[in-house]
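Undergrad: Dropping a structure here in structure tokens format, bear with me for questions.
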Amino acid sequence: MTLHPNSIEARDVAYHMHSYTNLRAHQDSGPLVIERGEGAYVFDTSGKKYLEAMAGLWSTAVGFSEPRLVEAAAAQMRKLPYYHNFASRSHGPVIDLAEKLISLAPVPMSKVFFTNSGSEANDTVLKMLWYRSNAMGQPQRKKIISRLRGYHGVTIASASMTGLPNNHRSFDLPIANVLHTTCPHHYRDGRDGESEEAFATRLAADLEDLILSEGPDTIMAMIGEPVMGAGGVVVPPATYWDKVQAVLRKYDILLVADEVICGFGRTGKLFGSMTFDMKPDVMVLSKQITSTYFPMSAILINERVFEPIADESDRIGVLGHGFTAAGHPVGAAIALENLAILEERDLVGNAAEVGGYMQAELRRLADHPLVGEVRGVGLIAAVELVLDKAAKTAFDRPGQLGTQVATRLLDHGVISRAMIDALAFCPPMIVNRDDIDGMVSGLRRALDDTAAAVL
Ligand SMILES: Cc1ncc(COP(=O)(O)O)c(C=O)c1O
């Protein structure tokens with residue numbers, strides 16, 4: 001592709017280093033520059049319209065043009081554009097939001113600690129739990145169990161908990177004290193003829209074996225997304241979370257629910273923990289909390305977690321942790337308005353209703369020659385692409401098929417995301433059935449175009 005000198009694309013290549021991008025390939029291909037948003041749609045600089053079927057990065061519930069969030073931000077900017085929460089300082093919006101989040105939590109929670117991104121939140125969780133173990137006189141209890149394919153972010157502890165090779169390779173990760181257990185991917189890792197329940201039983205046994213081999217008194221917590229997102233939209237097999245939680249209870253191990261994607265309605269209930277009957281001690285929230293109109297994340301902890309941490313801060317004299325912009329008044333004002341919109345418009349109900357429709361319509365593609373599996377719940381789904389259905393394989397180079405279909409789908413005006421060879425769909429929670437029809441018909445055309453080229 002030839003980039004015109006001084007074009008916006010050429011300036012992007014010249015000056016902007018991208019995340020999650022092949023930086024050399026980007027120098028040739030250039031960026032897709034998005035200029036504006038309207039509801040669930042965005043427009044590039046040529047005026048081409050796309051359904052943002054990933055809600056950005058699984059992140060905007062109310063779409064890309066919600067005036068009430070703009071107004072909430074502007075009003076707060078005018079009143080108090082910044083304040084912090086160090087040394088007992090506070091402000092109204094952060095107090096209102098903390099109270100609101102505690103009231104929404106699916107299990108009794110005690111306190112909210114604010115951070116600015118999912119990664120920062122998960123790093124903070126690990127530090128807080130280490131601090132707690134020390135406070136409880138259990139300095140040996142420092143290990144956290146995460147899962148292969150789990151995604152918890154990219155900072156040092158979060159990337160370590162992430163169970164994806166590209167987040168470790170050449171970064172000298174993972175760090176010590178982070179363990180990975182098996183992934184609940186029934187399509188990929190279930191044995192021939194193994195039911196979901198039997199698979200879940202096997203995974204719970206794997207977890208218990210890991211705990212026993214490491215020593216139960218060295219394990220402080222397990223972290224998991226109710227539904228794995230970036231690892232390929234992995235919906236846990238039936239009974240998985242029940243069986244895992246039984247093992248954790250047996251060894252008095254805390255559960256951290258990373259609700260960064262699932263939180264605020266994505267799975268058709270307010271939290272993924274509700275969809276799968278999880279009883280976490282810690283919940284990590286971000287993305288849809290502000291519809292990502294502002295960077296914000298929040299950690300909810302129960303009394304069991306808070307009390308020893310409070311004692312330790314008293315013993316030392318301070319909790320030596322916190323971020324300059326955390327609990328930002330503008331972010332908190334946006335979050336409160338966003339949550340009010342979710343309630344007033346019943347967007348969680350919409351995620352369940354339109355989500356059910358999306359799941360059914362995507363499953364109608366299951367007999368397409370390139371589709372190995374369609375999976376998902378609520379308004380989050382993945383279409384696993386294969387060349388050989390029986391062998392469940394694609395090209396030798398992982399991701400090549402996914403990229404081809406995603407690129408053709410983009411031509412048909414739908415933004416999705418290829419996670420290796422699974423295409424993810426996670427549209428804003430304001431979508432209706434017509435939006436889904438456009439998305440699925442675009443996908444069918446992209447699959448047909450690709451099949452004609454590769455089969
Ligand atoms: C489940 C989960 N946890 C954590 C993160 C990290 O969030 P951030 O990109 O805001 O650091 C993500 C990001 O996609 C995520 O999906």
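By order in the structure tokens, chains are A, B, ...; within a chain, residues start at 1; ligands start at 1, following the order shown.
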A:His186: which residues within 10 Å, counting only C-alpha atoms, same-chain residues fewer than 6 positions away excluded, as a list of chain:residue names?
TA: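 Residues near the query, excluding close chain neighbours: A:Glu194, A:Ser195, A:Glu196, A:Phe199, A:Ala200, A:Val234, A:Val235, A:Pro236, A:Pro237, A:Ala238.
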Undergrad: Got a sec: who's within 12 Å of A:Ser441, counting only C-alpha atoms, leaving out chain neighbours fewer than 3 positions off, as a count of residues only?
TA: 19
Undergrad: When you count only C-alpha atoms and all ligand atoms, which of these residues is closest to ligand 1: A:His152, A:His321, A:Lys49, A:Lys250?
TA: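 So, comparing all the options, the nearest one is A:His152.
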Undergrad: So that I can check the surroundings of A:Val70, please list as a PyMOL selection string every protein, DNA and RNA residue that reaches within 8 Å of it, counting only C-alpha atoms and ignoring chain neighbours fewer than 4 positions away.
TA: chain A and resi 66+74+334
Undergrad: From the options A:Ala40, A:Ala121, A:Cys426, A:Met278, which residue's atoms come nearest to A:Ala246, counting only C-alpha atoms?
TA: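 Looking at the shortest contact to A:Ala246, the residue is A:Met278.
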Undergrad: Could you check the closest approach to A:Ala87 for each of A:Ile219, A:Val374, A:Leu319, A:Val305 and tell me which residue wins, using only C-alpha atoms?
TA: A:Leu319
Undergrad: Taking only C-alpha atoms and all ligand atoms and a cut-off of 8 Å, can you tell me which residues surround ligand 1, written as a count of residues only?
TA: 30
Undergrad: Find the residues near A:Arg417: any atom within 12 Å, counting only C-alpha atoms, skip ones fewer than 5 places away on the same chain, and give them as a VMD selection string.
TA: chain A and resid 20 52 to 58 229 to 233 380 to 384 399 402 to 410 422 to 427
Undergrad: Have a look at atom CA of A:His84 and atom CA of A:Ala335 and let me know their distance in Å, one decimal.
TA: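 For atom CA of A:His84 relative to atom CA of A:Ala335, the distance reads 16.4 Å.
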Undergrad: Quick one: DSSP strand (DSSP E) residues in stretch 251-426 of chain A, as number ranges by chain?
TA: A: 254-258, 282-285, 297-301, 371-377, 380-385, 414-415, 417-419, 422-425
Undergrad: For atom CA of A:Glu353 and atom CA of A:Leu379, quote the distance in Å rounded to one decimal.
TA: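 According to the coordinates, atom CA of A:Glu353 and atom CA of A:Leu379 are separated by 9.0 Å.
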Undergrad: As a PyMOL selection string, list the residues of stretch 70-241 of chain A assigned to alpha helix (DSSP H) by DSSP on the backbone atoms of this structure.
TA: chain A and resi 70-79+92-104+118-135+156-161+186-189+196-214+240-241
Undergrad: So the first atom is atom CA of A:Pro67 and the second is atom CA of A:Leu336; what is the distance between them in Å, to one decimal place?
TA: 14.1 Å
Undergrad: Near stretch 312-318 of chain A, counting only C-alpha atoms, which residues have an atom at most 10 Å away, once you skip same-chain residues fewer than 6 positions from it, shown as a compact mmCIF listing (two decimals) with C-alpha atoms, in the first residue's frame?
TA:
```
# COMPACT_ATOMS: atom_id res chain seq x y z
CA ALA A 87 -4.15 10.58 52.51
CA TYR A 131 0.20 -7.76 51.54
CA ARG A 132 -2.76 -9.60 53.04
CA SER A 133 -0.83 -12.89 53.32
CA ASN A 134 1.95 -11.09 55.16
CA ALA A 135 -0.61 -9.38 57.37
CA MET A 136 -2.05 -12.77 58.26
```
Undergrad: Show which residues sit within 12 Å of A:Gly215, as a PDB file with C-alpha atoms, in the first residue's frame. Count only C-alpha atoms, and ignore same-chain residues fewer than 5 positions away.
TA:
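Generated output (out39.pdb):
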```pdb
ATOM      1  CA  GLN A 140       4.589 -18.541  52.366  1.00  0.00           C
ATOM      2  CA  ARG A 141       1.081 -18.042  50.889  1.00  0.00           C
ATOM      3  CA  LYS A 142       2.016 -15.995  47.824  1.00  0.00           C
ATOM      4  CA  LYS A 143       1.020 -18.033  44.764  1.00  0.00           C
ATOM      5  CA  GLU A 208      -6.571 -29.902  42.727  1.00  0.00           C
ATOM      6  CA  ASP A 209      -3.464 -31.783  41.548  1.00  0.00           C
ATOM      7  CA  LEU A 210      -1.677 -28.474  40.991  1.00  0.00           C
ATOM      8  CA  MET A 220      -3.528 -17.634  48.160  1.00  0.00           C
ATOM      9  CA  TYR A 251      -8.222 -25.434  50.487  1.00  0.00           C
ATOM     10  CA  ILE A 253      -8.189 -20.308  48.447  1.00  0.00           C
TER      11      ILE A 253
END
```
